[in-house]
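Single-structure report; data block below.
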Amino acid sequence: MHDEVFEHFLDEGLIERVIRPIKSGKEASVHLVRANPRTTGEELAALKIYHPLDRRDFRDESLYRDGEFIKERRIRVALEKKTRFGREVQGGIWVGREWETLRTLFDAGAPVPRPIEATDSAILMSYIGDEGDAAPQLHRYRPTGDAEAEELLEQCIRAVERMLFHDVVHGDLSAFNVLVWRGEICVIDLPQAVDPKKNRHAESLLARDVARICEHFARQGVSGDPVRTAEDLWTAWTFADLVPEELRPLL
(Lines give C-alpha, C1' and ligand atoms only; values in the text may rest on other atoms or scores of the structure.)
Protein backbone atom coordinates (compact mmCIF):
# COMPACT_ATOMS: atom_id res chain seq x y z
CA MET A 1 0.00 0.00 0.00
CA HIS A 2 2.78 2.45 0.88
CA ASP A 3 4.34 2.00 -2.56
CA GLU A 4 1.04 2.92 -4.22
CA VAL A 5 0.77 6.06 -2.11
CA PHE A 6 4.37 7.06 -2.84
CA GLU A 7 3.77 6.48 -6.53
CA HIS A 8 0.67 8.69 -6.51
CA PHE A 9 2.44 11.67 -4.99
CA LEU A 10 5.46 11.14 -7.26
CA ASP A 11 3.22 10.97 -10.34
CA GLU A 12 1.40 14.13 -9.26
CA GLY A 13 4.72 15.97 -9.12
CA LEU A 14 4.35 16.78 -5.43
CA ILE A 15 7.33 14.83 -4.14
CA GLU A 16 10.65 13.83 -5.71
CA ARG A 17 11.72 10.96 -3.47
CA VAL A 18 11.14 9.31 -0.12
CA ILE A 19 13.99 9.93 2.31
CA ARG A 20 13.12 7.81 5.36
CA PRO A 21 10.37 6.84 7.81
CA ILE A 22 9.92 9.25 10.69
CA LYS A 23 7.55 7.30 12.94
CA SER A 24 4.86 4.65 12.95
CA GLY A 25 1.85 4.72 15.26
CA LYS A 26 -1.37 2.79 15.77
CA GLU A 27 -3.20 4.72 13.04
CA ALA A 28 -0.55 5.75 10.53
CA SER A 29 3.10 6.00 9.58
CA VAL A 30 4.88 9.25 8.70
CA HIS A 31 7.66 9.56 6.14
CA LEU A 32 10.11 12.34 5.38
CA VAL A 33 10.04 13.13 1.67
CA ARG A 34 11.91 15.44 -0.68
CA ALA A 35 9.15 17.77 -1.86
CA ASN A 36 8.87 19.46 -5.24
CA PRO A 37 9.26 23.14 -4.28
CA ARG A 38 7.57 24.31 -7.49
CA THR A 39 4.32 22.53 -6.66
CA THR A 40 4.38 22.49 -2.87
CA GLY A 41 6.45 25.49 -1.82
CA GLU A 42 8.47 23.16 0.41
CA GLU A 43 11.91 21.54 0.19
CA LEU A 44 10.96 18.81 2.66
CA ALA A 45 7.53 17.49 3.58
CA ALA A 46 5.92 14.87 5.81
CA LEU A 47 3.74 12.21 4.19
CA LYS A 48 1.31 10.63 6.64
CA ILE A 49 -0.03 7.29 5.39
CA TYR A 50 -2.88 5.65 7.25
CA HIS A 51 -2.52 1.93 7.92
CA PRO A 52 -4.77 -0.59 6.14
CA LEU A 53 -8.17 -1.07 7.76
CA ASP A 54 -7.22 -4.23 9.64
CA ARG A 55 -4.37 -2.38 11.36
CA ARG A 56 -6.27 0.73 12.40
CA ASP A 57 -7.71 1.20 15.88
CA PHE A 58 -11.32 2.43 15.88
CA ARG A 59 -12.15 1.49 19.45
CA ASP A 60 -13.23 4.99 20.49
CA GLU A 61 -14.75 6.14 17.20
CA SER A 62 -18.28 6.59 18.56
CA LEU A 63 -17.00 9.09 21.12
CA TYR A 64 -15.57 11.28 18.38
CA ARG A 65 -18.40 10.70 15.89
CA ASP A 66 -21.03 11.91 18.33
CA GLY A 67 -23.18 14.57 16.70
CA GLU A 68 -22.24 13.67 13.15
CA PHE A 69 -25.12 13.17 10.75
CA ILE A 70 -24.81 10.81 7.81
CA LYS A 71 -27.72 11.38 5.42
CA GLU A 72 -27.59 8.05 3.61
CA ARG A 73 -29.15 5.29 5.72
CA ARG A 74 -27.08 2.51 4.13
CA ILE A 75 -23.89 4.23 5.27
CA ARG A 76 -25.26 4.91 8.76
CA VAL A 77 -26.17 1.25 9.22
CA ALA A 78 -22.78 0.10 7.92
CA LEU A 79 -21.00 2.39 10.37
CA GLU A 80 -23.14 1.21 13.28
CA LYS A 81 -22.66 -2.47 12.46
CA LYS A 82 -18.95 -1.97 11.69
CA THR A 83 -19.13 -3.94 8.47
CA ARG A 84 -16.16 -3.90 6.13
CA PHE A 85 -17.89 -1.25 4.04
CA GLY A 86 -18.57 0.70 7.22
CA ARG A 87 -14.91 0.50 8.17
CA GLU A 88 -13.93 1.75 4.73
CA VAL A 89 -16.28 4.70 5.14
CA GLN A 90 -14.96 5.37 8.63
CA GLY A 91 -11.40 5.24 7.32
CA GLY A 92 -12.25 7.90 4.76
CA ILE A 93 -13.99 10.02 7.40
CA TRP A 94 -10.93 9.74 9.66
CA VAL A 95 -8.55 11.03 6.96
CA GLY A 96 -11.01 13.64 5.74
CA ARG A 97 -11.52 15.01 9.23
CA GLU A 98 -7.79 15.46 9.78
CA TRP A 99 -7.39 17.16 6.38
CA GLU A 100 -10.24 19.62 6.95
CA THR A 101 -9.14 20.32 10.53
CA LEU A 102 -5.58 21.04 9.44
CA ARG A 103 -6.85 23.41 6.76
CA THR A 104 -9.10 25.26 9.20
CA LEU A 105 -6.48 25.58 11.90
CA PHE A 106 -3.56 26.44 9.64
CA ASP A 107 -5.58 29.18 7.93
CA ALA A 108 -6.46 30.48 11.40
CA GLY A 109 -2.80 30.72 12.40
CA ALA A 110 -2.82 27.82 14.86
CA PRO A 111 0.47 25.93 15.38
CA VAL A 112 -0.21 22.94 13.10
CA PRO A 113 1.53 21.63 9.97
CA ARG A 114 0.52 23.20 6.65
CA PRO A 115 -1.67 20.74 4.71
CA ILE A 116 -0.54 20.38 1.09
CA GLU A 117 -2.52 17.57 -0.54
CA ALA A 118 -4.51 14.51 0.45
CA THR A 119 -5.90 11.24 -0.86
CA ASP A 120 -8.37 8.91 0.83
CA SER A 121 -5.50 7.26 2.72
CA ALA A 122 -2.71 9.83 3.05
CA ILE A 123 -1.96 13.49 3.78
CA LEU A 124 1.06 15.44 2.57
CA MET A 125 1.94 18.28 4.93
CA SER A 126 4.80 20.57 5.88
CA TYR A 127 7.62 18.95 7.81
CA ILE A 128 8.77 20.14 11.24
CA GLY A 129 12.52 19.66 11.67
CA ASP A 130 15.52 19.48 9.36
CA GLU A 131 16.81 16.74 7.11
CA GLY A 132 18.97 15.32 9.88
CA ASP A 133 16.41 15.30 12.66
CA ALA A 134 12.66 15.50 12.95
CA ALA A 135 11.27 17.76 15.65
CA PRO A 136 11.03 15.72 18.88
CA GLN A 137 7.73 14.96 20.53
CA LEU A 138 7.14 16.97 23.69
CA HIS A 139 7.45 13.86 25.86
CA ARG A 140 11.03 13.40 24.59
CA TYR A 141 12.03 17.05 24.73
CA ARG A 142 13.95 18.33 27.75
CA PRO A 143 13.58 22.08 28.39
CA THR A 144 16.70 23.95 29.41
CA GLY A 145 15.06 25.17 32.61
CA ASP A 146 11.85 26.20 34.33
CA ALA A 147 11.47 29.32 32.21
CA GLU A 148 11.44 27.35 28.96
CA ALA A 149 9.11 24.72 30.42
CA GLU A 150 6.70 27.43 31.54
CA GLU A 151 6.83 29.01 28.09
CA LEU A 152 6.08 25.70 26.39
CA LEU A 153 3.17 25.04 28.73
CA GLU A 154 1.82 28.50 27.93
CA GLN A 155 2.17 27.81 24.22
CA CYS A 156 0.23 24.56 24.59
CA ILE A 157 -2.63 26.23 26.46
CA ARG A 158 -2.72 29.07 23.92
CA ALA A 159 -2.92 26.45 21.14
CA VAL A 160 -5.86 24.74 22.86
CA GLU A 161 -7.52 28.13 23.26
CA ARG A 162 -7.01 29.11 19.63
CA MET A 163 -8.32 25.77 18.43
CA LEU A 164 -11.41 26.11 20.62
CA PHE A 165 -11.94 29.65 19.32
CA HIS A 166 -12.27 28.07 15.87
CA ASP A 167 -14.62 25.33 17.16
CA VAL A 168 -12.03 22.56 17.33
CA VAL A 169 -11.21 20.32 20.31
CA HIS A 170 -8.24 18.05 19.64
CA GLY A 171 -9.73 15.21 21.64
CA ASP A 172 -6.52 13.23 22.15
CA LEU A 173 -3.94 15.85 23.04
CA SER A 174 -0.90 14.74 25.00
CA ALA A 175 2.87 15.14 25.06
CA PHE A 176 3.02 12.51 22.30
CA ASN A 177 1.35 14.66 19.66
CA VAL A 178 2.98 18.00 20.32
CA LEU A 179 6.29 18.65 18.57
CA VAL A 180 8.91 21.15 19.72
CA TRP A 181 11.23 22.85 17.25
CA ARG A 182 13.38 25.92 17.88
CA GLY A 183 11.35 26.98 20.87
CA GLU A 184 7.97 26.63 19.19
CA ILE A 185 5.34 23.91 19.51
CA CYS A 186 3.41 22.27 16.70
CA VAL A 187 0.24 20.22 17.33
CA ILE A 188 -0.19 17.08 15.22
CA ASP A 189 -2.49 14.03 14.86
CA LEU A 190 -5.96 15.53 14.47
CA PRO A 191 -8.21 12.87 12.87
CA GLN A 192 -10.31 12.53 16.03
CA ALA A 193 -10.81 16.31 16.47
CA VAL A 194 -14.39 17.26 17.34
CA ASP A 195 -16.65 20.26 16.86
CA PRO A 196 -17.83 21.44 20.29
CA LYS A 197 -21.04 22.78 18.72
CA LYS A 198 -22.04 19.22 17.78
CA ASN A 199 -20.26 16.72 20.01
CA ARG A 200 -21.77 16.22 23.48
CA HIS A 201 -18.43 14.96 24.81
CA ALA A 202 -16.43 18.01 23.72
CA GLU A 203 -16.26 19.56 27.19
CA SER A 204 -14.88 16.39 28.80
CA LEU A 205 -12.46 15.89 25.89
CA LEU A 206 -11.21 19.46 26.32
CA ALA A 207 -10.72 18.87 30.05
CA ARG A 208 -8.78 15.69 29.30
CA ASP A 209 -6.59 17.45 26.75
CA VAL A 210 -5.68 20.21 29.20
CA ALA A 211 -5.14 17.74 32.06
CA ARG A 212 -2.74 15.58 30.04
CA ILE A 213 -0.64 18.58 29.04
CA CYS A 214 -0.54 19.95 32.57
CA GLU A 215 0.34 16.53 33.98
CA HIS A 216 3.31 16.32 31.63
CA PHE A 217 4.70 19.65 32.79
CA ALA A 218 3.90 18.91 36.44
CA ARG A 219 6.33 15.98 36.20
CA GLN A 220 8.94 18.56 35.21
CA GLY A 221 8.16 20.74 38.18
CA VAL A 222 5.97 23.30 36.41
CA SER A 223 2.54 23.43 37.97
CA GLY A 224 -0.69 24.46 36.31
CA ASP A 225 -4.36 24.37 37.18
CA PRO A 226 -5.90 22.07 34.57
CA VAL A 227 -9.40 21.99 36.06
CA ARG A 228 -9.78 25.77 36.29
CA THR A 229 -8.05 26.31 32.94
CA ALA A 230 -10.40 23.95 31.12
CA GLU A 231 -13.46 25.32 32.92
CA ASP A 232 -12.50 28.92 32.09
CA LEU A 233 -11.90 28.07 28.43
CA TRP A 234 -15.20 26.22 28.11
CA THR A 235 -17.19 28.92 29.88
CA ALA A 236 -15.68 31.65 27.70
CA TRP A 237 -16.39 29.61 24.55
CA THR A 238 -19.95 28.83 25.68
CA PHE A 239 -20.76 32.52 26.18
CA ALA A 240 -18.95 33.60 22.98
CA ASP A 241 -16.40 35.46 25.10
CA LEU A 242 -13.35 33.45 24.09
CA VAL A 243 -10.72 35.50 22.26
CA PRO A 244 -7.12 34.26 22.08
CA GLU A 245 -4.69 36.77 23.57
CA GLU A 246 -2.84 37.30 20.28
CA LEU A 247 -6.10 38.30 18.56
CA ARG A 248 -7.26 40.81 21.18
CA PRO A 249 -5.30 43.79 19.78
CA LEU A 250 -7.14 43.28 16.48
CA LEU A 251 -10.58 43.74 18.04
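By order in the C-alpha coordinates, chains are A, B, ...; within a chain, residues start at 1; ligands start at 1, following the order shown.
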
Worksheet item: Which residues come within 8 Å of range 234-248 of chain A, counting only C-alpha atoms, excluding same-chain residues fewer than 4 positions away, as a PyMOL selection string?
Response: chain A and resi 158+161-162+164-165+203+230

Worksheet, complete the sentence: Atom pair CA of Asp195 in chain A + CA of Val227 in chain A, distance 20.6 Å

Worksheet item: In Å, with one decimal, what is the gap from CA of Glu184 in chain A to CA of Pro143 in chain A?
Response: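 Here the two named atoms are 11.7 Å from each other.
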
Item to complete: Please provide the set of residues having any atom within 8 Å of range 97-112 of chain A, restricted to only C-alpha atoms, with same-chain residues fewer than 5 positions apart removed, written as a PyMOL selection string.
Response: chain A and resi 118+123+159+162-163+166+168+185-193

Hey, can you spit out that residue selection with all heavy atoms as a tab-separated table (two decimals), in the first residue's frame?
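Final output, out_6.tsv:
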```tsv
chain	number	residue	atom	x	y	z
A	118	ALA	N	-4.03	15.72	-0.22
A	118	ALA	CA	-4.51	14.51	0.45
A	118	ALA	C	-5.15	13.56	-0.54
A	118	ALA	O	-5.62	13.95	-1.60
A	118	ALA	CB	-5.52	14.88	1.54
A	123	ILE	N	-2.01	12.03	3.78
A	123	ILE	CA	-1.96	13.49	3.78
A	123	ILE	C	-0.51	13.93	3.66
A	123	ILE	O	0.36	13.47	4.42
A	123	ILE	CB	-2.57	14.08	5.06
A	123	ILE	CG1	-4.05	13.70	5.19
A	123	ILE	CG2	-2.41	15.60	5.09
A	123	ILE	CD1	-4.70	14.18	6.48
A	159	ALA	N	-2.51	27.22	22.32
A	159	ALA	CA	-2.92	26.45	21.14
A	159	ALA	C	-4.30	25.85	21.35
A	159	ALA	O	-5.15	25.88	20.45
A	159	ALA	CB	-1.89	25.35	20.86
A	162	ARG	N	-6.79	28.68	21.01
A	162	ARG	CA	-7.01	29.11	19.63
A	162	ARG	C	-7.82	28.09	18.85
A	162	ARG	O	-8.68	28.44	18.03
A	162	ARG	CB	-5.67	29.37	18.94
A	162	ARG	CG	-5.85	30.15	17.63
A	162	ARG	CD	-4.52	30.64	17.10
A	162	ARG	NE	-4.74	31.55	15.99
A	162	ARG	CZ	-4.31	32.80	15.96
A	162	ARG	NH1	-3.69	33.30	17.02
A	162	ARG	NH2	-4.51	33.55	14.90
A	163	MET	N	-7.55	26.82	19.08
A	163	MET	CA	-8.32	25.77	18.43
A	163	MET	C	-9.80	25.86	18.84
A	163	MET	O	-10.69	25.78	18.00
A	163	MET	CB	-7.74	24.40	18.77
A	163	MET	CG	-6.37	24.15	18.15
A	163	MET	SD	-5.48	22.76	18.87
A	163	MET	CE	-6.53	21.40	18.39
A	166	HIS	N	-11.83	28.43	17.23
A	166	HIS	CA	-12.27	28.07	15.87
A	166	HIS	C	-13.08	26.77	15.88
A	166	HIS	O	-13.12	26.06	14.87
A	166	HIS	CB	-11.05	27.96	14.96
A	166	HIS	CG	-10.39	29.29	14.70
A	166	HIS	ND1	-10.91	30.20	13.81
A	166	HIS	CD2	-9.30	29.87	15.27
A	166	HIS	CE1	-10.15	31.28	13.82
A	166	HIS	NE2	-9.17	31.12	14.69
A	168	VAL	N	-12.75	23.82	17.44
A	168	VAL	CA	-12.03	22.56	17.33
A	168	VAL	C	-11.52	22.16	18.71
A	168	VAL	O	-10.86	22.94	19.39
A	168	VAL	CB	-10.84	22.64	16.36
A	168	VAL	CG1	-10.05	21.33	16.37
A	168	VAL	CG2	-11.31	22.96	14.94
A	185	ILE	N	6.07	25.18	19.57
A	185	ILE	CA	5.34	23.91	19.51
A	185	ILE	C	4.59	23.78	18.18
A	185	ILE	O	4.33	24.77	17.50
A	185	ILE	CB	4.36	23.75	20.68
A	185	ILE	CG1	3.19	24.72	20.52
A	185	ILE	CG2	5.04	23.91	22.02
A	185	ILE	CD1	1.93	24.30	21.25
A	186	CYS	N	4.25	22.54	17.85
A	186	CYS	CA	3.41	22.27	16.70
A	186	CYS	C	2.51	21.08	17.08
A	186	CYS	O	3.01	20.03	17.49
A	186	CYS	CB	4.24	21.92	15.46
A	186	CYS	SG	3.26	21.65	13.97
A	187	VAL	N	1.21	21.25	16.96
A	187	VAL	CA	0.24	20.22	17.33
A	187	VAL	C	-0.03	19.33	16.12
A	187	VAL	O	-0.30	19.83	15.02
A	187	VAL	CB	-1.06	20.84	17.83
A	187	VAL	CG1	-2.09	19.75	18.18
A	187	VAL	CG2	-0.81	21.72	19.06
A	188	ILE	N	0.02	18.02	16.31
A	188	ILE	CA	-0.19	17.08	15.22
A	188	ILE	C	-1.27	16.06	15.60
A	188	ILE	O	-1.80	16.08	16.70
A	188	ILE	CB	1.12	16.35	14.85
A	188	ILE	CG1	1.66	15.57	16.07
A	188	ILE	CG2	2.16	17.33	14.33
A	188	ILE	CD1	2.85	14.67	15.75
A	189	ASP	N	-1.57	15.16	14.65
A	189	ASP	CA	-2.49	14.03	14.86
A	189	ASP	C	-3.90	14.52	15.24
A	189	ASP	O	-4.31	14.46	16.40
A	189	ASP	CB	-1.96	13.08	15.94
A	189	ASP	CG	-0.68	12.40	15.51
A	189	ASP	OD1	-0.42	12.35	14.30
A	189	ASP	OD2	0.07	11.92	16.39
A	190	LEU	N	-4.65	14.93	14.22
A	190	LEU	CA	-5.96	15.53	14.47
A	190	LEU	C	-7.15	14.79	13.85
A	190	LEU	O	-8.21	15.40	13.68
A	190	LEU	CB	-5.94	16.98	13.94
A	190	LEU	CG	-5.06	17.93	14.76
A	190	LEU	CD1	-4.42	18.97	13.86
A	190	LEU	CD2	-5.89	18.60	15.84
A	191	PRO	N	-7.06	13.51	13.50
A	191	PRO	CA	-8.21	12.87	12.87
A	191	PRO	C	-9.42	12.74	13.78
A	191	PRO	O	-10.55	12.65	13.30
A	191	PRO	CB	-7.68	11.48	12.47
A	191	PRO	CG	-6.59	11.21	13.44
A	191	PRO	CD	-5.94	12.55	13.67
A	192	GLN	N	-9.20	12.71	15.09
A	192	GLN	CA	-10.31	12.53	16.03
A	192	GLN	C	-10.86	13.87	16.53
A	192	GLN	O	-11.73	13.89	17.39
A	192	GLN	CB	-9.87	11.69	17.22
A	192	GLN	CG	-8.90	12.39	18.18
A	192	GLN	CD	-7.56	12.67	17.58
A	192	GLN	OE1	-6.96	11.79	16.98
A	192	GLN	NE2	-7.08	13.90	17.70
A	193	ALA	N	-10.36	14.99	16.00
A	193	ALA	CA	-10.81	16.31	16.47
A	193	ALA	C	-12.33	16.43	16.36
A	193	ALA	O	-12.95	15.90	15.43
A	193	ALA	CB	-10.14	17.40	15.65
```

Practice prompt. Rank A:Val180, A:Glu154, A:Asp133, A:Gly171 by their smallest atom-to-atom distance to Asn199 in chain A, using only C-alpha atoms, and report the top residue only.
Written response: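 Nearest to Asn199 in chain A: A:Gly171.
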
Discussion item. Can you measure CA of Asp209 in chain A to CA of Pro226 in chain A for me? One decimal in Å is fine.
Written reply: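 Distance reported for this atom pair: 9.1 Å.
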
Worksheet entry | Given only C-alpha atoms as the counted atoms, nearest of A:Ile19, A:Leu32, A:Ala211, A:Ala122 to Val5 in chain A | A:Ala122
